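Source file: query.cif; contents: mmCIF, C-alpha atoms and all ligand atoms.
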```
data_structure
#
loop_
_atom_site.label_atom_id
_atom_site.label_comp_id
_atom_site.auth_asym_id
_atom_site.auth_seq_id
_atom_site.Cartn_x
_atom_site.Cartn_y
_atom_site.Cartn_z
CA MET A 1 110.37 125.27 115.55
CA SER A 2 107.67 127.07 113.54
CA GLU A 3 108.98 130.18 111.76
CA ILE A 4 105.85 132.14 112.51
CA ASN A 5 105.03 133.85 115.76
CA ARG A 6 101.34 134.49 116.43
CA VAL A 7 100.89 137.62 118.57
CA TRP A 8 97.64 139.04 119.99
CA ARG A 9 97.76 142.86 119.85
CA LEU A 10 95.46 145.33 121.62
CA ARG A 11 93.61 147.33 118.96
CA LYS A 12 90.85 149.08 120.93
CA ARG A 13 90.03 149.91 124.53
CA PRO A 14 87.03 147.73 125.47
CA VAL A 15 83.69 149.37 126.15
CA GLY A 16 81.20 147.14 127.97
CA GLU A 17 81.44 143.44 127.21
CA LEU A 18 84.57 142.28 125.39
CA ALA A 19 84.09 142.61 121.63
CA ASN A 20 85.98 140.60 119.01
CA ASP A 21 87.79 143.65 117.63
CA VAL A 22 89.55 144.73 120.83
CA LEU A 23 92.43 142.39 119.97
CA SER A 24 93.79 141.06 116.69
CA LEU A 25 95.94 138.00 116.07
CA GLU A 26 98.95 138.80 113.87
CA GLU A 27 101.64 136.63 112.29
CA GLU A 28 105.08 138.07 112.96
CA ALA A 29 108.75 137.10 113.04
CA ILE A 30 110.08 135.26 116.07
CA PRO A 31 112.05 137.74 118.20
CA ALA A 32 115.75 137.21 118.94
CA PRO A 33 117.04 137.50 122.52
CA SER A 34 119.74 140.08 123.34
CA GLU A 35 122.46 139.61 125.96
CA GLY A 36 120.84 138.84 129.35
CA GLU A 37 117.59 137.61 127.76
CA PHE A 38 116.12 134.31 126.57
CA LEU A 39 113.55 133.18 123.99
CA VAL A 40 110.47 131.47 125.45
CA ARG A 41 108.03 129.18 123.64
CA MET A 42 104.64 129.49 125.34
CA ASN A 43 103.14 126.35 126.83
CA TYR A 44 100.24 127.82 128.84
CA LEU A 45 98.53 131.20 129.04
CA SER A 46 96.68 132.14 132.22
CA LEU A 47 93.45 134.03 131.54
CA ASP A 48 92.50 136.30 134.40
CA PRO A 49 89.72 138.80 135.11
CA THR A 50 92.34 141.53 135.30
CA ASN A 51 93.12 141.10 131.58
CA ARG A 52 90.02 143.22 130.94
CA ILE A 53 91.41 145.92 133.28
CA TRP A 54 94.81 145.93 131.53
CA MET A 55 93.07 146.46 128.18
CA SER A 56 91.31 149.57 129.51
CA ASP A 57 92.90 152.87 130.47
CA MET A 58 91.11 153.14 133.82
CA VAL A 59 93.20 153.97 136.88
CA GLN A 60 94.93 150.67 137.73
CA TYR A 61 97.80 149.09 139.62
CA MET A 62 100.07 148.69 136.54
CA PRO A 63 100.36 150.76 133.38
CA PRO A 64 97.59 149.78 130.93
CA VAL A 65 98.64 147.83 127.83
CA GLU A 66 99.38 150.39 125.13
CA LEU A 67 97.23 150.40 122.02
CA ASN A 68 98.73 148.17 119.29
CA ALA A 69 101.13 146.55 121.78
CA PRO A 70 101.08 142.79 122.41
CA MET A 71 98.47 141.83 125.01
CA ARG A 72 99.99 141.24 128.46
CA GLY A 73 99.44 137.94 130.25
CA LEU A 74 100.78 135.54 132.83
CA ILE A 75 102.50 132.74 130.93
CA CYS A 76 104.33 129.47 131.41
CA GLY A 77 106.79 128.43 128.72
CA THR A 78 109.98 126.62 127.75
CA VAL A 79 113.30 128.37 127.11
CA LYS A 80 114.32 127.70 123.48
CA GLU A 81 117.47 129.84 123.30
CA SER A 82 119.30 131.64 126.10
CA LYS A 83 121.71 134.54 126.29
CA HIS A 84 121.50 134.61 130.08
CA THR A 85 123.91 132.47 132.08
CA GLY A 86 121.26 131.53 134.66
CA PHE A 87 118.81 130.10 132.11
CA SER A 88 119.30 127.17 129.73
CA GLU A 89 117.45 125.70 126.82
CA GLY A 90 114.68 123.45 128.17
CA ASP A 91 114.11 125.38 131.41
CA ILE A 92 110.42 125.83 132.26
CA VAL A 93 109.71 129.44 133.25
CA SER A 94 106.66 131.44 134.29
CA GLY A 95 105.96 135.11 134.72
CA LEU A 96 104.56 138.19 133.10
CA GLY A 97 104.73 137.94 129.34
CA VAL A 98 102.52 138.45 126.33
CA TRP A 99 99.87 136.52 124.40
CA ALA A 100 102.27 135.11 121.78
CA ASP A 101 103.74 131.75 120.74
CA TYR A 102 107.26 133.08 121.25
CA GLN A 103 108.50 135.94 123.40
CA ILE A 104 111.54 137.37 125.08
CA GLY A 105 112.03 136.71 128.77
CA SER A 106 114.49 137.96 131.36
CA PRO A 107 114.87 137.50 135.13
CA ALA A 108 113.06 140.82 135.56
CA THR A 109 109.82 139.27 134.31
CA MET A 110 110.18 135.48 134.56
CA ASN A 111 111.34 132.85 137.04
CA LYS A 112 112.21 129.20 136.68
CA MET A 113 109.27 127.01 137.74
CA GLY A 114 111.41 124.53 139.67
CA ASP A 115 110.57 120.87 140.12
CA THR A 116 106.80 120.37 140.39
CA GLY A 117 107.20 116.75 141.52
CA ALA A 118 104.20 114.58 140.76
CA MET A 119 102.08 117.64 139.97
CA PRO A 120 101.66 118.40 136.25
CA VAL A 121 103.29 121.69 135.28
CA VAL A 122 99.94 123.11 134.19
CA ASP A 123 98.41 122.46 137.62
CA ALA A 124 101.38 124.02 139.41
CA PHE A 125 101.25 127.05 137.11
CA GLY A 126 97.46 127.39 137.48
CA THR A 127 97.52 127.23 141.26
CA PHE A 128 100.80 128.73 142.41
CA ALA A 129 101.56 131.50 139.92
CA LEU A 130 98.71 133.81 140.94
CA VAL A 131 95.48 132.54 142.45
CA GLY A 132 96.85 130.46 145.34
CA PRO A 133 99.01 133.27 146.75
CA THR A 134 96.12 135.73 146.19
CA ALA A 135 93.81 133.58 148.30
CA TYR A 136 96.49 132.95 150.93
CA PHE A 137 97.60 136.54 151.54
CA GLY A 138 94.20 138.11 150.94
CA LEU A 139 92.49 135.90 153.47
CA LEU A 140 95.20 135.45 156.09
CA ASP A 141 96.99 138.81 155.97
CA VAL A 142 94.15 141.14 155.08
CA GLY A 143 91.15 139.18 156.39
CA GLN A 144 92.84 137.79 159.51
CA PRO A 145 90.20 135.12 160.24
CA LYS A 146 90.09 133.58 163.71
CA GLU A 147 88.91 130.13 164.69
CA GLY A 148 85.14 129.99 165.08
CA GLU A 149 84.49 133.09 162.99
CA THR A 150 82.18 133.20 159.96
CA VAL A 151 83.86 133.81 156.60
CA VAL A 152 81.82 134.55 153.48
CA VAL A 153 83.45 134.46 150.04
CA SER A 154 81.98 135.46 146.68
CA GLY A 155 83.17 134.04 143.38
CA ALA A 156 83.37 131.02 145.65
CA ALA A 157 83.74 128.31 142.99
CA GLY A 158 86.30 130.36 141.08
CA ALA A 159 90.05 129.98 141.10
CA VAL A 160 90.73 132.36 144.01
CA GLY A 161 87.44 131.93 145.88
CA SER A 162 87.55 128.14 146.06
CA ILE A 163 90.99 128.27 147.69
CA VAL A 164 89.94 131.07 150.08
CA GLY A 165 87.07 128.97 151.40
CA GLN A 166 89.27 125.93 151.92
CA ILE A 167 91.95 127.92 153.76
CA ALA A 168 89.23 129.39 155.99
CA LYS A 169 88.06 125.84 156.78
CA ILE A 170 91.64 124.86 157.66
CA LYS A 171 91.68 127.83 160.06
CA GLY A 172 88.54 126.54 161.82
CA CYS A 173 86.01 129.02 160.43
CA ARG A 174 82.41 128.58 159.35
CA VAL A 175 82.50 129.16 155.59
CA VAL A 176 79.73 130.32 153.30
CA GLY A 177 80.32 130.55 149.55
CA ILE A 178 78.36 132.56 146.98
CA ALA A 179 78.47 131.29 143.39
CA GLY A 180 76.47 131.45 140.18
CA SER A 181 75.19 127.92 139.47
CA GLU A 182 73.85 124.81 141.20
CA GLU A 183 76.82 122.79 139.94
CA LYS A 184 79.25 125.31 141.46
CA CYS A 185 77.30 125.45 144.75
CA ASN A 186 77.25 121.65 144.99
CA TRP A 187 80.98 121.45 144.29
CA ILE A 188 82.01 123.88 147.03
CA LYS A 189 79.66 122.29 149.56
CA ASN A 190 80.00 118.60 148.79
CA ASP A 191 83.56 118.36 147.48
CA LEU A 192 85.35 121.29 149.15
CA GLY A 193 83.63 121.18 152.54
CA PHE A 194 82.09 124.67 152.67
CA ASP A 195 79.37 124.83 155.36
CA ALA A 196 76.81 126.51 153.12
CA SER A 197 76.47 127.83 149.59
CA ILE A 198 74.25 130.44 147.99
CA ASN A 199 73.36 130.61 144.30
CA TYR A 200 73.19 134.37 143.71
CA LYS A 201 71.47 133.87 140.37
CA THR A 202 68.45 132.02 141.78
CA GLU A 203 68.29 133.01 145.46
CA ASN A 204 67.63 136.25 147.34
CA VAL A 205 71.21 136.78 148.54
CA ALA A 206 70.35 138.96 151.56
CA GLU A 207 67.80 136.44 152.87
CA ALA A 208 69.96 133.41 152.13
CA LEU A 209 72.95 135.05 153.83
CA ALA A 210 70.93 135.87 156.96
CA GLN A 211 69.94 132.21 157.14
CA ALA A 212 73.44 130.86 156.42
CA CYS A 213 75.15 133.27 158.84
CA PRO A 214 73.11 133.19 162.07
CA ASP A 215 76.05 134.75 163.98
CA GLY A 216 76.73 137.45 161.36
CA ILE A 217 79.81 137.78 159.15
CA ASP A 218 83.32 138.40 160.51
CA VAL A 219 85.24 138.28 157.22
CA TYR A 220 83.76 138.90 153.78
CA PHE A 221 86.33 138.07 151.07
CA ASP A 222 85.11 140.18 148.16
CA ASN A 223 85.77 138.98 144.61
CA VAL A 224 82.82 140.70 142.99
CA GLY A 225 81.69 143.99 144.62
CA GLY A 226 78.25 145.37 143.70
CA GLU A 227 75.03 143.99 145.17
CA ILE A 228 76.71 141.03 146.86
CA LEU A 229 79.07 143.37 148.73
CA ASP A 230 76.03 145.37 149.85
CA ALA A 231 74.21 142.28 151.09
CA CYS A 232 77.29 141.18 153.07
CA LEU A 233 77.89 144.65 154.56
CA LYS A 234 74.47 144.51 156.19
CA LEU A 235 75.43 141.44 158.22
CA MET A 236 78.98 142.41 159.22
CA ASN A 237 79.90 141.96 162.89
CA LEU A 238 81.75 144.48 165.04
CA LYS A 239 85.36 144.90 163.84
CA GLY A 240 84.64 142.80 160.73
CA ARG A 241 87.16 142.71 157.86
CA ILE A 242 86.54 142.88 154.12
CA PRO A 243 89.55 142.07 151.92
CA THR A 244 88.78 143.62 148.54
CA CYS A 245 90.32 141.18 146.08
CA GLY A 246 88.30 141.94 142.96
CA LEU A 247 85.18 143.70 141.71
CA ILE A 248 84.31 141.55 138.72
CA SER A 249 80.60 142.47 138.72
CA GLY A 250 81.66 145.94 137.54
CA TYR A 251 84.51 145.15 135.13
CA ASN A 252 82.29 145.39 132.04
CA ALA A 253 80.28 148.38 133.30
CA THR A 254 79.88 151.34 130.96
CA ASP A 255 78.55 153.75 133.61
CA PRO A 256 80.16 154.62 136.95
CA VAL A 257 79.45 151.84 139.46
CA PRO A 258 77.45 153.14 142.47
CA GLY A 259 78.98 152.81 145.93
CA PRO A 260 77.47 150.44 148.49
CA TYR A 261 74.14 151.54 150.00
CA ASN A 262 75.07 149.97 153.32
CA TYR A 263 78.26 152.05 153.68
CA GLY A 264 76.99 153.24 157.09
CA MET A 265 77.90 149.81 158.47
CA MET A 266 81.55 150.89 158.19
CA LEU A 267 80.93 153.33 161.03
CA MET A 268 78.40 151.42 163.07
CA GLN A 269 80.38 148.19 163.15
CA ARG A 270 83.89 149.79 162.93
CA LEU A 271 84.73 147.72 159.84
CA ARG A 272 87.94 147.58 157.85
CA ILE A 273 87.76 147.28 154.06
CA GLU A 274 91.22 146.85 152.54
CA GLY A 275 92.14 146.37 148.92
CA PHE A 276 95.25 144.37 148.07
CA ILE A 277 97.13 143.21 144.99
CA VAL A 278 98.98 139.93 145.21
CA THR A 279 102.17 141.42 143.76
CA ASP A 280 102.44 143.43 147.01
CA TYR A 281 103.40 140.09 148.56
CA MET A 282 105.99 138.98 145.98
CA GLU A 283 108.77 138.65 148.56
CA ARG A 284 106.61 136.38 150.71
CA TYR A 285 105.57 134.03 147.87
CA PRO A 286 107.70 131.13 149.24
CA GLU A 287 105.68 131.20 152.48
CA ALA A 288 102.38 130.90 150.56
CA LEU A 289 103.71 128.21 148.22
CA SER A 290 105.02 126.05 151.05
CA HIS A 291 101.71 126.20 152.99
CA LEU A 292 99.55 125.69 149.90
CA GLY A 293 101.73 122.79 148.71
CA LYS A 294 101.52 121.13 152.13
CA TRP A 295 97.74 121.54 152.37
CA MET A 296 97.27 120.21 148.85
CA GLY A 297 99.51 117.23 149.66
CA GLU A 298 97.35 116.52 152.72
CA GLY A 299 94.20 116.67 150.60
CA LYS A 300 92.94 119.75 152.49
CA ILE A 301 92.92 121.95 149.41
CA LYS A 302 91.53 120.77 146.07
CA VAL A 303 91.82 122.80 142.90
CA ARG A 304 90.50 122.49 139.41
CA GLN A 305 91.88 123.91 136.19
CA ASP A 306 89.65 124.70 133.22
CA ILE A 307 91.93 124.16 130.22
CA PHE A 308 91.12 125.06 126.61
CA ASP A 309 93.29 124.55 123.54
CA GLY A 310 94.64 127.07 121.08
CA LEU A 311 96.21 130.50 121.40
CA GLU A 312 93.95 131.54 118.52
CA ASN A 313 90.92 131.00 120.82
CA ALA A 314 92.26 133.08 123.74
CA LEU A 315 89.95 136.08 123.38
CA GLU A 316 86.83 133.91 123.08
CA ILE A 317 87.90 131.84 126.08
CA LEU A 318 88.63 134.97 128.17
CA LYS A 319 84.97 136.01 127.86
CA LYS A 320 83.95 133.01 129.99
CA LEU A 321 85.25 134.76 133.13
CA TYR A 322 82.68 137.54 132.93
CA THR A 323 79.70 135.20 132.41
CA GLY A 324 80.65 132.46 134.86
CA GLY A 325 81.46 130.07 132.00
CA ASN A 326 84.67 128.82 133.66
CA GLN A 327 84.86 125.95 136.13
CA GLY A 328 88.11 126.72 137.93
CA LYS A 329 91.36 128.36 136.86
CA LEU A 330 91.02 129.35 133.21
CA ILE A 331 94.04 128.39 131.10
CA VAL A 332 94.85 128.22 127.40
CA ARG A 333 97.05 125.29 126.40
CA VAL A 334 99.36 126.16 123.51
CA GLU A 335 101.73 123.19 123.76
CA ASP A 336 101.77 120.68 126.62
CA VAL A 337 104.84 120.15 128.75
CA SER A 338 105.27 117.24 131.16
N1 LIG B 1 93.84 141.41 144.08
C1 LIG B 1 94.55 140.55 143.38
O1 LIG B 1 95.78 140.52 143.43
C2 LIG B 1 93.84 139.56 142.52
C3 LIG B 1 94.52 138.47 141.93
C4 LIG B 1 93.78 137.54 141.18
C5 LIG B 1 92.42 137.72 141.01
N2 LIG B 1 91.80 138.80 141.57
C6 LIG B 1 90.35 139.01 141.47
O2 LIG B 1 89.72 137.91 142.09
C7 LIG B 1 88.47 137.68 141.50
C8 LIG B 1 88.38 136.22 141.08
O3 LIG B 1 89.37 135.97 140.10
P1 LIG B 1 89.66 134.49 139.57
O4 LIG B 1 90.89 134.55 138.78
O5 LIG B 1 89.58 133.55 140.71
O6 LIG B 1 88.44 134.24 138.59
P2 LIG B 1 87.31 133.15 138.74
O7 LIG B 1 86.61 133.39 140.04
O8 LIG B 1 87.85 131.81 138.47
O9 LIG B 1 86.36 133.54 137.52
C9 LIG B 1 85.56 134.67 137.58
C10 LIG B 1 84.19 134.31 138.19
O10 LIG B 1 83.55 135.51 138.59
C11 LIG B 1 82.16 135.26 138.66
N3 LIG B 1 81.43 136.42 138.13
C12 LIG B 1 81.48 136.95 136.88
N4 LIG B 1 80.65 138.00 136.78
C13 LIG B 1 80.03 138.11 137.98
C14 LIG B 1 79.05 138.99 138.52
N5 LIG B 1 78.52 139.97 137.77
N6 LIG B 1 78.65 138.83 139.80
C15 LIG B 1 79.17 137.84 140.57
N7 LIG B 1 80.11 136.97 140.13
C16 LIG B 1 80.53 137.11 138.86
C17 LIG B 1 81.88 134.02 137.79
O11 LIG B 1 81.49 132.96 138.66
P3 LIG B 1 79.93 132.65 138.96
O12 LIG B 1 79.54 131.56 138.04
O13 LIG B 1 79.95 132.27 140.39
O14 LIG B 1 79.18 133.92 138.67
C18 LIG B 1 83.23 133.71 137.17
O15 LIG B 1 83.43 132.33 136.99
C19 LIG B 1 88.35 138.67 140.33
O16 LIG B 1 87.61 139.78 140.76
C20 LIG B 1 89.79 139.06 140.08
O17 LIG B 1 89.88 140.34 139.49
C21 LIG B 1 92.50 139.71 142.32
#
```
If you took the structure in this file and wrote it as structure tokens, what would it be?
Ligand SMILES: NC(=O)c1ccc[n+]([C@@H]2O[C@H](COP(=O)([O-])OP(=O)(O)OC[C@H]3O[C@@H](n4cnc5c(N)ncnc54)[C@H](OP(=O)(O)O)[C@@H]3O)[C@@H](O)[C@H]2O)c1
Amino acid sequence: MSEINRVWRLRKRPVGELANDVLSLEEEAIPAPSEGEFLVRMNYLSLDPTNRIWMSDMVQYMPPVELNAPMRGLICGTVKESKHTGFSEGDIVSGLGVWADYQIGSPATMNKMGDTGAMPVVDAFGTFALVGPTAYFGLLDVGQPKEGETVVVSGAAGAVGSIVGQIAKIKGCRVVGIAGSEEKCNWIKNDLGFDASINYKTENVAEALAQACPDGIDVYFDNVGGEILDACLKLMNLKGRIPTCGLISGYNATDPVPGPYNYGMMLMQRLRIEGFIVTDYMERYPEALSHLGKWMGEGKIKVRQDIFDGLENALEILKKLYTGGNQGKLIVRVEDVS
């Protein structure tokens, strides 16, 4: 075991696009677990759009990371030393931790991963820890799609969006995905079975949507907000639903983000827009995991992980999320586990 622990610490609140000096990588001593805790060696770090939110001090759903504190992140790791009777050396755990080689875990923040069967641990972590349940509860609980309805999803080739579209197909909906490159549009249409795709970087989204949704939109699963939300609002059907999952188009904004111009559709079409955070559904995770696992086993849901090496590269890799540089769930590999 290396004697050095590399820890990313938050040094500045980000303004606009992520700069290199918002975090710094420090070499520190490896922490020692107290009674009821265990020491975890990181295997994988999940990089998520919300990392940018946690770095800021905007109003948010968890306390922001404090300045100079270790950067918070969803991690998967191996227990190296345990002072908790329920956890043993060698257990694979995942949960909310920090961007560091070694860290202290406890049952309050981390769970055992359990047997992932034939699925590599990194795939199970990438799909089940956050994005799969987000897609499942956001679409089915908040969006409540019905067979035959039209579902539009933005960020459609991303980790959450790609699963949303596939669940909507399983539920018998017509599915239209909006993504930012030809490669991503081809993937969701040809490999994932979406009915139509729109490249928002090269097409007029309002016109393309009108063509792809001849019967209007019943559910718009919003991962991005901004102009795409506005274009979708205009086509919403009576009693349509808009699960607000994320607003990534505004995460790097320096000025207040304007509200949607087509807000009047809320009244005219009696719409419901509802924000949700996946942790609201923590107690129902087993339900999502069992359905997602079954659908993946049946080949009805395909996922892809975008894995990069080196904790020291984490900040640079994180930036990919805000430019569309990732092709699936973005993960940093620190040390592989089988
Ligand atoms: N509510 C919750 O509990 C919860 C949980 C997890 C994630 N989320 C949210 O869900 C959304 C997707 O997260 P994810 O983890 O699945 O990430 P992701 O979709 O795999 O990656 C982010 C993608 O967002 C797209 N994007 C970036 N800037 C954009 C812009 N200005 N306009 C349109 N699209 C843009 C890019 O794809 P393109 O190449 O297509 O532009 C990028 O690849 C995020 O908004 C995130 O905050 C919410």
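Atom to atom, atom CA of Glu183 of chain A and atom C5 of ligand LIG 1 (chain B) stand 21.6 Å apart.
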If we count only C-alpha atoms, what is near Trp8 of chain A at a cut-off of 10 Å, once residues fewer than 4 positions away on the same chain are taken out, given as an MDAnalysis selection string?
chainID A and resid 22:27 68:72 98:101 311:312 314:315
Please identify the residues whose atoms come within 7 Å of ligand LIG 1 (chain B), using all atoms listed in the file, and report them as a ChimeraX atom specification.
/A:48-50,130-131,134,154-161,178-181,223-224,245-250,276-279,321-330
Contact residues around Ser56 of chain A with only C-alpha atoms at 9 Å, ignoring same-chain residues under 2 positions, as number ranges by chain:
A: 12-15, 51-54, 58-59, 64-65
Neighbouring residues of Gly114 of chain A were defined as those with any atom within 9 Å, considering only C-alpha atoms; residues of the same chain fewer than 5 positions away were excluded. Please report them as an NGL selection string.
:A and (91-93)
Determine, counting only C-alpha atoms, which protein, DNA and RNA residues have an atom within 12 Å of an atom of Ala32 of chain A; residues of the same chain fewer than 3 positions away are not included. Present the result as an MDAnalysis selection string.
chainID A and resid 5 29 35:40 80:83 102:105
Val176 of chain A: which residues within 6 Å, counting all atoms listed in the file, same-chain residues fewer than 6 positions away excluded, as a PyMOL selection string?
chain A and resi 152+195-197
Any chance you can output those residues with C-alpha atoms as a CSV table (one decimal), in the frame of the given file?
```csv
chain,number,residue,atom,x,y,z
A,152,VAL,CA,81.8,134.6,153.5
A,195,ASP,CA,79.4,124.8,155.4
A,196,ALA,CA,76.8,126.5,153.1
A,197,SER,CA,76.5,127.8,149.6
```
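Each of A:Ile163, A:Leu267, A:Ile217, A:Met119 was checked against Lys302 of chain A using all atoms listed in the file; the smallest atom-to-atom distance is that of A:Ile163.
Straight-line separation from atom CA of Ala108 of chain A to atom CA of Met62 of chain A: 15.2 Å.
Taking atom CA of Val7 of chain A and atom CA of Asp280 of chain A as endpoints, the distance between them is 29.1 Å.
For the residues A:Phe194, A:Trp295, A:Phe125, A:Tyr251, ranking by smallest atom-to-atom distance to Tyr44 of chain A using all atoms listed in the file places A:Phe125 first.
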Taking the point (106.2, 128.1, 125.6) as given in the file, collect each protein or nucleic acid residue that comes within 8 Å of it, counting all atoms listed in the file, and present the set as a ChimeraX atom specification.
/A:40-44,75-79,101-102,334-335
Minimum-distance residue to Val337 of chain A, chosen among A:Pro120, A:Pro256, A:Gly16, A:Pro63 (using all atoms listed in the file)
A:Pro120
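Comparing A:Leu192, A:Val257, A:Arg11, A:Pro107 by their smallest distance to Thr85 of chain A, the closest is A:Pro107 (using all atoms listed in the file).
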Among listed residues A:Asp336, A:Asp141, A:Glu147, A:Asp309, nearest Glu274 of chain A (using all atoms listed in the file)
A:Asp141
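Nearest residue to Gly132 of chain A, choosing from A:Ile167, A:Ala118, A:Ile4, A:Ala210 and counting all atoms listed in the file: A:Ile167.
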As JSON, what would the box around segment 327-334 of chain A look like: edges along x, y and z, 4 Å added on every side, centre and edge lengths in Å to one decimal?
```
{"center_x": 92.1, "center_y": 127.3, "center_z": 130.7, "size_x": 22.5, "size_y": 12.1, "size_z": 22.4}
```
